$ cat start_38.json   # JSON, C-alpha atoms
[["chain", "number", "residue", "atom", "x", "y", "z"],
["A", 12, "MET", "CA", 166.50, 85.36, 121.37],
["A", 13, "ASN", "CA", 164.60, 86.19, 118.20],
["A", 14, "ASP", "CA", 167.68, 85.81, 116.02],
["A", 15, "PHE", "CA", 167.39, 82.76, 113.80],
["A", 16, "THR", "CA", 170.01, 81.12, 111.63],
["A", 17, "ALA", "CA", 169.49, 80.51, 107.94],
["A", 18, "ASP", "CA", 169.10, 76.80, 108.74],
["A", 19, "GLU", "CA", 166.38, 77.53, 111.30],
["A", 20, "LEU", "CA", 164.52, 79.77, 108.87],
["A", 21, "GLU", "CA", 164.68, 77.04, 106.22],
["A", 22, "SER", "CA", 163.54, 74.40, 108.71],
["A", 23, "GLY", "CA", 160.64, 76.65, 109.63],
["A", 24, "ARG", "CA", 159.69, 77.02, 105.97],
["A", 25, "LYS", "CA", 159.72, 73.25, 105.49],
["A", 26, "LEU", "CA", 157.67, 72.74, 108.65],
["A", 27, "PHE", "CA", 154.76, 74.66, 107.14],
["A", 28, "ALA", "CA", 155.29, 73.65, 103.51],
["A", 29, "GLY", "CA", 153.57, 70.26, 103.84],
["A", 30, "ASP", "CA", 149.91, 69.38, 103.61],
["A", 31, "TRP", "CA", 147.45, 70.91, 106.07],
["A", 32, "ARG", "CA", 143.95, 69.66, 106.61],
["A", 33, "PHE", "CA", 140.92, 70.65, 108.61],
["A", 34, "VAL", "CA", 140.41, 68.25, 111.52],
["A", 35, "ALA", "CA", 137.59, 69.51, 113.71],
["A", 36, "ALA", "CA", 135.55, 72.44, 114.93],
["A", 37, "ALA", "CA", 134.58, 72.38, 118.58],
["A", 38, "ALA", "CA", 132.04, 74.71, 120.13],
["A", 39, "SER", "CA", 132.20, 73.06, 123.54],
["A", 40, "TRP", "CA", 134.63, 71.17, 125.75],
["A", 41, "ALA", "CA", 132.64, 67.96, 125.28],
["A", 42, "VAL", "CA", 133.35, 67.71, 121.56],
["A", 43, "LEU", "CA", 137.06, 68.58, 121.51],
["A", 44, "PRO", "CA", 139.10, 66.13, 119.40],
["A", 45, "PRO", "CA", 141.32, 63.68, 121.32],
["A", 46, "MET", "CA", 144.68, 65.01, 122.49],
["A", 47, "GLN", "CA", 147.50, 63.67, 120.34],
["A", 48, "GLY", "CA", 150.86, 65.02, 119.28],
["A", 49, "THR", "CA", 151.77, 68.65, 119.74],
["A", 50, "GLU", "CA", 149.28, 71.49, 119.52],
["A", 51, "ILE", "CA", 150.02, 75.18, 118.93],
["A", 52, "ALA", "CA", 147.17, 77.63, 119.55],
["A", 53, "PHE", "CA", 146.58, 81.17, 118.33],
["A", 54, "ALA", "CA", 144.58, 83.40, 120.65],
["A", 55, "GLY", "CA", 143.70, 87.09, 120.66],
["A", 56, "ARG", "CA", 140.99, 89.68, 120.59],
["A", 57, "SER", "CA", 138.37, 89.54, 117.88],
["A", 58, "ASN", "CA", 139.59, 90.70, 114.48],
["A", 59, "VAL", "CA", 143.27, 90.71, 115.49],
["A", 60, "GLY", "CA", 144.16, 88.53, 112.49],
["A", 61, "LYS", "CA", 144.44, 84.96, 113.82],
["A", 62, "SER", "CA", 142.99, 83.27, 110.75],
["A", 63, "SER", "CA", 144.98, 85.50, 108.39],
["A", 64, "LEU", "CA", 148.20, 84.66, 110.24],
["A", 65, "ILE", "CA", 147.51, 80.92, 110.05],
["A", 66, "ASN", "CA", 146.95, 81.27, 106.31],
["A", 67, "ALA", "CA", 150.19, 83.22, 105.94],
["A", 68, "LEU", "CA", 152.17, 80.65, 107.95],
["A", 69, "THR", "CA", 150.86, 77.72, 105.92],
["A", 70, "GLY", "CA", 150.96, 79.53, 102.59],
["A", 71, "ARG", "CA", 147.26, 78.76, 102.07],
["A", 72, "LYS", "CA", 144.89, 81.56, 101.15],
["A", 73, "SER", "CA", 141.80, 79.98, 102.66],
["A", 74, "LEU", "CA", 142.83, 77.23, 105.10],
["A", 75, "ALA", "CA", 141.42, 79.30, 107.96],
["A", 76, "ARG", "CA", 138.31, 81.35, 107.21],
["A", 77, "THR", "CA", 138.89, 85.07, 107.52],
["A", 78, "SER", "CA", 136.34, 87.81, 107.93],
["A", 79, "HIS", "CA", 136.25, 91.56, 108.48],
["A", 80, "THR", "CA", 133.41, 90.92, 110.92],
["A", 81, "PRO", "CA", 134.63, 90.57, 114.52],
["A", 82, "GLY", "CA", 133.43, 87.42, 116.26],
["A", 83, "ARG", "CA", 133.15, 85.33, 113.08],
["A", 84, "THR", "CA", 135.19, 82.43, 114.50],
["A", 85, "GLN", "CA", 132.96, 80.99, 117.23],
["A", 86, "GLU", "CA", 134.63, 77.61, 117.71],
["A", 87, "LEU", "CA", 138.05, 76.10, 118.28],
["A", 88, "ILE", "CA", 139.21, 75.15, 114.78],
["A", 89, "PHE", "CA", 141.86, 72.42, 114.45],
["A", 90, "PHE", "CA", 144.21, 72.03, 111.45],
["A", 91, "ALA", "CA", 146.66, 69.13, 111.27],
["A", 92, "GLY", "CA", 150.05, 69.12, 109.58],
["A", 93, "ASP", "CA", 152.76, 66.46, 109.48],
["A", 94, "ARG", "CA", 154.26, 67.28, 112.89],
["A", 95, "MET", "CA", 151.71, 69.33, 114.80],
["A", 96, "THR", "CA", 148.18, 70.66, 115.02],
["A", 97, "LEU", "CA", 147.29, 74.35, 114.79],
["A", 98, "VAL", "CA", 144.33, 75.66, 116.76],
["A", 99, "ASP", "CA", 142.48, 78.80, 115.67],
["A", 100, "MET", "CA", 140.70, 80.06, 118.79],
["A", 101, "PRO", "CA", 137.58, 82.27, 118.97],
["A", 102, "GLY", "CA", 138.36, 85.92, 119.41],
["A", 103, "TYR", "CA", 137.52, 87.44, 122.75],
["A", 104, "GLY", "CA", 136.53, 90.94, 123.86],
["A", 105, "TYR", "CA", 133.90, 91.50, 121.18],
["A", 106, "ALA", "CA", 130.89, 93.11, 122.87],
["A", 107, "ALA", "CA", 128.44, 93.46, 119.96],
["A", 108, "THR", "CA", 127.23, 89.88, 120.34],
["A", 109, "ALA", "CA", 124.70, 88.25, 122.65],
["A", 110, "LYS", "CA", 126.18, 88.11, 126.14],
["A", 111, "SER", "CA", 125.32, 84.42, 126.41],
["A", 112, "LYS", "CA", 127.42, 83.68, 123.32],
["A", 113, "VAL", "CA", 130.33, 85.76, 124.54],
["A", 114, "LYS", "CA", 130.27, 83.89, 127.85],
["A", 115, "ALA", "CA", 130.15, 80.52, 126.07],
["A", 116, "TRP", "CA", 133.16, 81.40, 123.88],
["A", 117, "THR", "CA", 135.05, 82.82, 126.84],
["A", 118, "ASP", "CA", 134.37, 79.75, 129.00],
["A", 119, "LEU", "CA", 135.52, 77.48, 126.17],
["A", 120, "ILE", "CA", 138.73, 79.47, 125.65],
["A", 121, "HIS", "CA", 139.64, 79.36, 129.34],
["A", 122, "ALA", "CA", 138.74, 75.67, 129.72],
["A", 123, "PHE", "CA", 140.90, 74.79, 126.72],
["A", 124, "LEU", "CA", 143.85, 76.81, 127.97],
["A", 125, "ARG", "CA", 143.67, 75.21, 131.42],
["A", 126, "GLY", "CA", 143.08, 71.62, 130.46],
["A", 127, "ARG", "CA", 144.82, 70.79, 127.20],
["A", 128, "GLN", "CA", 147.97, 68.85, 128.07],
["A", 129, "SER", "CA", 149.01, 68.53, 124.43],
["A", 130, "LEU", "CA", 149.20, 72.32, 124.12],
["A", 131, "ALA", "CA", 152.88, 73.25, 123.77],
["A", 132, "ARG", "CA", 152.47, 77.00, 123.40],
["A", 133, "VAL", "CA", 149.91, 79.70, 122.84],
["A", 134, "TYR", "CA", 150.78, 82.53, 120.49],
["A", 135, "LEU", "CA", 148.83, 85.51, 121.80],
["A", 136, "LEU", "CA", 148.19, 87.93, 118.96],
["A", 137, "ILE", "CA", 148.06, 91.62, 119.78],
["A", 138, "ASP", "CA", 147.19, 94.32, 117.24],
["A", 139, "ALA", "CA", 150.32, 96.46, 116.90],
["A", 140, "ARG", "CA", 148.14, 99.54, 116.44],
["A", 141, "HIS", "CA", 146.63, 99.20, 119.92],
["A", 142, "GLY", "CA", 148.90, 97.07, 122.11],
["A", 143, "LEU", "CA", 147.77, 95.17, 125.20],
["A", 144, "LYS", "CA", 144.33, 96.12, 126.50],
["A", 145, "SER", "CA", 142.29, 95.32, 129.59],
["A", 146, "THR", "CA", 140.35, 92.72, 127.60],
["A", 147, "ASP", "CA", 143.60, 90.72, 127.32],
["A", 148, "ASP", "CA", 144.06, 90.55, 131.09],
["A", 149, "PRO", "CA", 141.77, 87.56, 131.83],
["A", 150, "VAL", "CA", 143.50, 85.42, 129.20],
["A", 151, "LEU", "CA", 146.95, 86.43, 130.45],
["A", 152, "LYS", "CA", 145.83, 85.51, 133.97],
["A", 153, "THR", "CA", 144.48, 82.14, 132.85],
["A", 154, "LEU", "CA", 147.70, 81.33, 130.97],
["A", 155, "ASP", "CA", 149.83, 82.30, 133.98],
["A", 156, "GLN", "CA", 147.70, 80.26, 136.40],
["A", 157, "ALA", "CA", 147.71, 77.22, 134.13],
["A", 158, "ALA", "CA", 151.46, 77.61, 133.52],
["A", 159, "VAL", "CA", 150.87, 77.44, 129.77],
["A", 160, "SER", "CA", 153.83, 78.86, 127.86],
["A", 161, "TYR", "CA", 152.78, 81.74, 125.64],
["A", 162, "GLN", "CA", 154.45, 84.26, 123.38],
["A", 163, "VAL", "CA", 153.03, 87.57, 122.20],
["A", 164, "VAL", "CA", 152.96, 88.27, 118.47],
["A", 165, "LEU", "CA", 152.27, 91.83, 117.35],
["A", 166, "THR", "CA", 150.18, 91.71, 114.16],
["A", 167, "LYS", "CA", 149.40, 94.27, 111.45],
["A", 168, "ALA", "CA", 152.83, 95.86, 111.92],
["A", 169, "ASP", "CA", 152.67, 97.38, 108.43],
["A", 170, "GLN", "CA", 149.88, 99.67, 109.63],
["A", 171, "VAL", "CA", 152.05, 101.36, 112.28],
["A", 172, "LYS", "CA", 154.86, 103.87, 111.83],
["A", 173, "ALA", "CA", 158.31, 102.52, 112.66],
["A", 174, "SER", "CA", 158.74, 104.77, 115.69],
["A", 175, "GLU", "CA", 155.32, 103.82, 117.07],
["A", 176, "LEU", "CA", 156.01, 100.14, 116.46],
["A", 177, "ALA", "CA", 159.30, 100.32, 118.36],
["A", 178, "ALA", "CA", 157.54, 101.99, 121.29],
["A", 179, "ARG", "CA", 154.72, 99.43, 121.23],
["A", 180, "LEU", "CA", 157.23, 96.59, 121.17],
["A", 181, "ALA", "CA", 159.13, 98.01, 124.13],
["A", 182, "GLU", "CA", 156.04, 98.67, 126.24],
["A", 183, "THR", "CA", 154.70, 95.18, 125.53],
["A", 184, "GLN", "CA", 157.92, 93.51, 126.61],
["A", 185, "VAL", "CA", 157.93, 95.57, 129.82],
["A", 186, "ALA", "CA", 154.33, 94.58, 130.57],
["A", 187, "LEU", "CA", 155.06, 90.88, 130.04],
["A", 188, "ARG", "CA", 157.71, 90.89, 132.77],
["A", 189, "LYS", "CA", 154.84, 90.70, 135.26],
["A", 190, "HIS", "CA", 153.57, 87.46, 133.74],
["A", 191, "PRO", "CA", 155.47, 84.30, 134.73],
["A", 192, "ALA", "CA", 154.27, 82.11, 131.84],
["A", 193, "ALA", "CA", 155.06, 84.68, 129.15],
["A", 194, "TYR", "CA", 157.99, 84.08, 126.82],
["A", 195, "PRO", "CA", 160.12, 87.22, 127.25],
["A", 196, "HIS", "CA", 160.59, 88.12, 123.59],
["A", 197, "VAL", "CA", 157.85, 89.51, 121.36],
["A", 198, "LEU", "CA", 157.57, 88.69, 117.67],
["A", 199, "VAL", "CA", 156.38, 91.27, 115.13],
["A", 200, "THR", "CA", 154.50, 90.26, 111.99],
["A", 201, "SER", "CA", 152.56, 91.58, 109.05],
["A", 202, "GLU", "CA", 150.32, 89.14, 107.23],
["A", 203, "ARG", "CA", 149.93, 91.65, 104.41],
["A", 204, "THR", "CA", 153.64, 92.10, 103.65],
["A", 205, "GLY", "CA", 154.91, 88.77, 104.98],
["A", 206, "SER", "CA", 157.26, 90.50, 107.40],
["A", 207, "GLY", "CA", 158.07, 88.37, 110.44],
["A", 208, "ILE", "CA", 156.36, 85.26, 109.07],
["A", 209, "PRO", "CA", 159.64, 83.33, 108.44],
["A", 210, "GLU", "CA", 160.77, 84.19, 111.98],
["A", 211, "LEU", "CA", 157.51, 82.96, 113.51],
["A", 212, "ARG", "CA", 157.81, 79.71, 111.55],
["A", 213, "ALA", "CA", 161.37, 79.32, 112.82],
["A", 214, "ALA", "CA", 160.25, 80.01, 116.40],
["A", 215, "ILE", "CA", 157.66, 77.24, 116.15],
["A", 216, "GLU", "CA", 160.23, 74.88, 114.62],
["A", 217, "ARG", "CA", 162.57, 75.66, 117.52],
["A", 218, "LEU", "CA", 159.74, 74.97, 119.97],
["A", 219, "LEU", "CA", 159.00, 71.58, 118.39],
["A", 220, "ALA", "CA", 162.70, 70.67, 118.56],
["A", 221, "GLU", "CA", 162.70, 71.48, 122.28],
["A", 222, "HIS", "CA", 159.67, 69.22, 122.81],
["A", 223, "ALA", "CA", 160.99, 66.34, 120.74]]
$ encode --input "start_38.json" --output "structure tokens"
Amino acid sequence: MNDFTADELESGRKLFAGDWRFVAAAASWAVLPPMQGTEIAFAGRSNVGKSSLINALTGRKSLARTSHTPGRTQELIFFAGDRMTLVDMPGYGYAATAKSKVKAWTDLIHAFLRGRQSLARVYLLIDARHGLKSTDDPVLKTLDQAAVSYQVVLTKADQVKASELAARLAETQVALRKHPAAYPHVLVTSERTGSGIPELRAAIERLLAEHA
């Protein structure tokens, strides 16, 4: 269920209200930081708003670097809080970059998703204006094969009419029924307005409680 109690929403707020610090940036599997504690990763196509969402969750304007240029994040970026580590992953599906670089990022993303035992869940960000696309399929397949729990988060919801958003939400939930590792409920957020951010915080707090 996506319904959260007032206590859960408050616990979610407190979870992200503490100090957050940059830990590491890894451009290859060989230099990943050691696995410790619980990790939560944010994946998605280039320019879907991963860094902006991390900043909104933590209440920091510039914890994660944001850019209007797709493909700006080229490494796995790790941020540590009191109870977990957030991972900002490179965007995938951006073609206007050297093919060798795209392959390197893609290989790193898939290797991380398959081999990171400390990874509790991946939040897969999907632009609410466009929905799931064929470029998402390889990541969905990797997550399913690796049995990594993931939940879809529709971003930029403020840029879609209410009727279109409802249709996009419904079609996304139907599509996810085919994916065994997908969490069945989809969250909807807007970094610009703050809509859905408290609920996403509460969802992550609930996840941590389940893994305690």
$ closest_residue --input "start_38.json" --among "A:Thr146, A:Gln47, A:Gln170, A:Gln85" --to "Ile120 in chain A" --atoms "only C-alpha atoms"
A:Gln85
$ closest_residue --input "start_38.json" --among "A:Gly104, A:Ala131, A:Leu43, A:Arg32" --to "Ala75 in chain A" --atoms "all atoms listed in the file"
A:Arg32
$ residues_near_point --input "start_38.json" --point "(137.8, 71.3, 112.8)" --cutoff "10 Å" --atoms "all atoms listed in the file" --output "PDB file with C-alpha atoms, keeping the file's coordinate frame"
ATOM      1  CA  ARG A  32     143.950  69.660 106.610  1.00  0.00           C
ATOM      2  CA  PHE A  33     140.920  70.650 108.610  1.00  0.00           C
ATOM      3  CA  VAL A  34     140.410  68.250 111.520  1.00  0.00           C
ATOM      4  CA  ALA A  35     137.590  69.510 113.710  1.00  0.00           C
ATOM      5  CA  ALA A  36     135.550  72.440 114.930  1.00  0.00           C
ATOM      6  CA  ALA A  37     134.580  72.380 118.580  1.00  0.00           C
ATOM      7  CA  ALA A  38     132.040  74.710 120.130  1.00  0.00           C
ATOM      8  CA  LEU A  43     137.060  68.580 121.510  1.00  0.00           C
ATOM      9  CA  PRO A  44     139.100  66.130 119.400  1.00  0.00           C
ATOM     10  CA  GLU A  86     134.630  77.610 117.710  1.00  0.00           C
ATOM     11  CA  LEU A  87     138.050  76.100 118.280  1.00  0.00           C
ATOM     12  CA  ILE A  88     139.210  75.150 114.780  1.00  0.00           C
ATOM     13  CA  PHE A  89     141.860  72.420 114.450  1.00  0.00           C
ATOM     14  CA  PHE A  90     144.210  72.030 111.450  1.00  0.00           C
ATOM     15  CA  ALA A  91     146.660  69.130 111.270  1.00  0.00           C
ATOM     16  CA  VAL A  98     144.330  75.660 116.760  1.00  0.00           C
ATOM     17  CA  ASP A  99     142.480  78.800 115.670  1.00  0.00           C
TER      18      ASP A  99
END
$ atom_distance --input "start_38.json" --atom1 "CA of Glu210 in chain A" --atom2 "CA of Gly126 in chain A"
28.5 Å
$ residues_around --input "start_38.json" --residues "Gln156 in chain A" --least-positions-apart "2" --cutoff "9 Å" --atoms "all atoms listed in the file" --output "list in words"
Arg125, Leu151, Lys152, Thr153, Leu154, Ala158, Val159, Pro191 and Ala192 of chain A
$ closest_residue --input "start_38.json" --among "A:Asp93, A:Asp148, A:Asp14, A:Asp169" --to "His196 in chain A" --atoms "only C-alpha atoms"
A:Asp14
$ closest_residue --input "start_38.json" --among "A:Glu175, A:Glu221, A:Glu216, A:Asp138" --to "Lys25 in chain A" --atoms "only C-alpha atoms"
A:Glu216
$ closest_residue --input "start_38.json" --among "A:Val199, A:Met100, A:Val59, A:Leu218" --to "Leu176 in chain A" --atoms "only C-alpha atoms"
A:Val199
$ atom_distance --input "start_38.json" --atom1 "CA of Tyr134 in chain A" --atom2 "CA of Leu180 in chain A"
15.5 Å
$ residues_near_point --input "start_38.json" --point "(148.9, 98.3, 125.4)" --cutoff "10 Å" --atoms "all atoms listed in the file" --output "list in words"
Ile137, Asp138, Ala139, Arg140, His141, Gly142, Leu143, Lys144, Ser145, Asp147, Arg179, Leu180, Glu182, Thr183 and Ala186 of chain A
$ closest_residue --input "start_38.json" --among "A:Ser73, A:Ser160, A:Thr16, A:Ser62" --to "Gln128 in chain A" --atoms "only C-alpha atoms"
A:Ser160
$ atom_distance --input "start_38.json" --atom1 "CA of Gly205 in chain A" --atom2 "CA of Leu219 in chain A"
22.2 Å
$ residues_around --input "start_38.json" --residues "Gly92 in chain A" --least-positions-apart "6" --cutoff "7 Å" --atoms "only C-alpha atoms" --output "list in words"
Gly29, Asp30, Trp31 and Arg32 of chain A
$ residues_around --input "start_38.json" --residues "Ser63 in chain A" --least-positions-apart "3" --cutoff "10 Å" --atoms "all atoms listed in the file" --output "NGL selection string"
:A and (58-60 or 66-68 or 71-78 or 166 or 201-203)
$ build_atoms --input "start_38.json" --residues "range 62-75 of chain A" --atoms "N, CA and C atoms" --output "CSV table (one decimal), keeping the file's coordinate frame"
chain,number,residue,atom,x,y,z
A,62,SER,N,143.2,84.1,111.9
A,62,SER,CA,143.0,83.3,110.8
A,62,SER,C,143.9,83.7,109.6
A,63,SER,N,144.1,85.0,109.4
A,63,SER,CA,145.0,85.5,108.4
A,63,SER,C,146.4,85.1,108.6
A,64,LEU,N,146.8,85.1,109.9
A,64,LEU,CA,148.2,84.7,110.2
A,64,LEU,C,148.4,83.2,110.0
A,65,ILE,N,147.4,82.4,110.3
A,65,ILE,CA,147.5,80.9,110.0
A,65,ILE,C,147.6,80.7,108.5
A,66,ASN,N,146.9,81.4,107.8
A,66,ASN,CA,147.0,81.3,106.3
A,66,ASN,C,148.3,81.7,105.8
A,67,ALA,N,148.9,82.8,106.4
A,67,ALA,CA,150.2,83.2,105.9
A,67,ALA,C,151.3,82.2,106.3
A,68,LEU,N,151.2,81.6,107.5
A,68,LEU,CA,152.2,80.6,108.0
A,68,LEU,C,152.2,79.4,107.0
A,69,THR,N,151.0,79.0,106.7
A,69,THR,CA,150.9,77.7,105.9
A,69,THR,C,150.9,78.0,104.4
A,70,GLY,N,150.9,79.2,104.0
A,70,GLY,CA,151.0,79.5,102.6
A,70,GLY,C,149.7,79.2,101.9
A,71,ARG,N,148.6,79.1,102.6
A,71,ARG,CA,147.3,78.8,102.1
A,71,ARG,C,146.4,80.0,102.2
A,72,LYS,N,145.7,80.3,101.1
A,72,LYS,CA,144.9,81.6,101.2
A,72,LYS,C,143.6,81.4,101.9
A,73,SER,N,143.1,80.2,102.0
A,73,SER,CA,141.8,80.0,102.7
A,73,SER,C,141.7,78.7,103.6
A,74,LEU,N,142.9,78.3,104.1
A,74,LEU,CA,142.8,77.2,105.1
A,74,LEU,C,141.9,77.6,106.3
A,75,ALA,N,142.2,78.8,106.9
A,75,ALA,CA,141.4,79.3,108.0
A,75,ALA,C,140.5,80.4,107.4
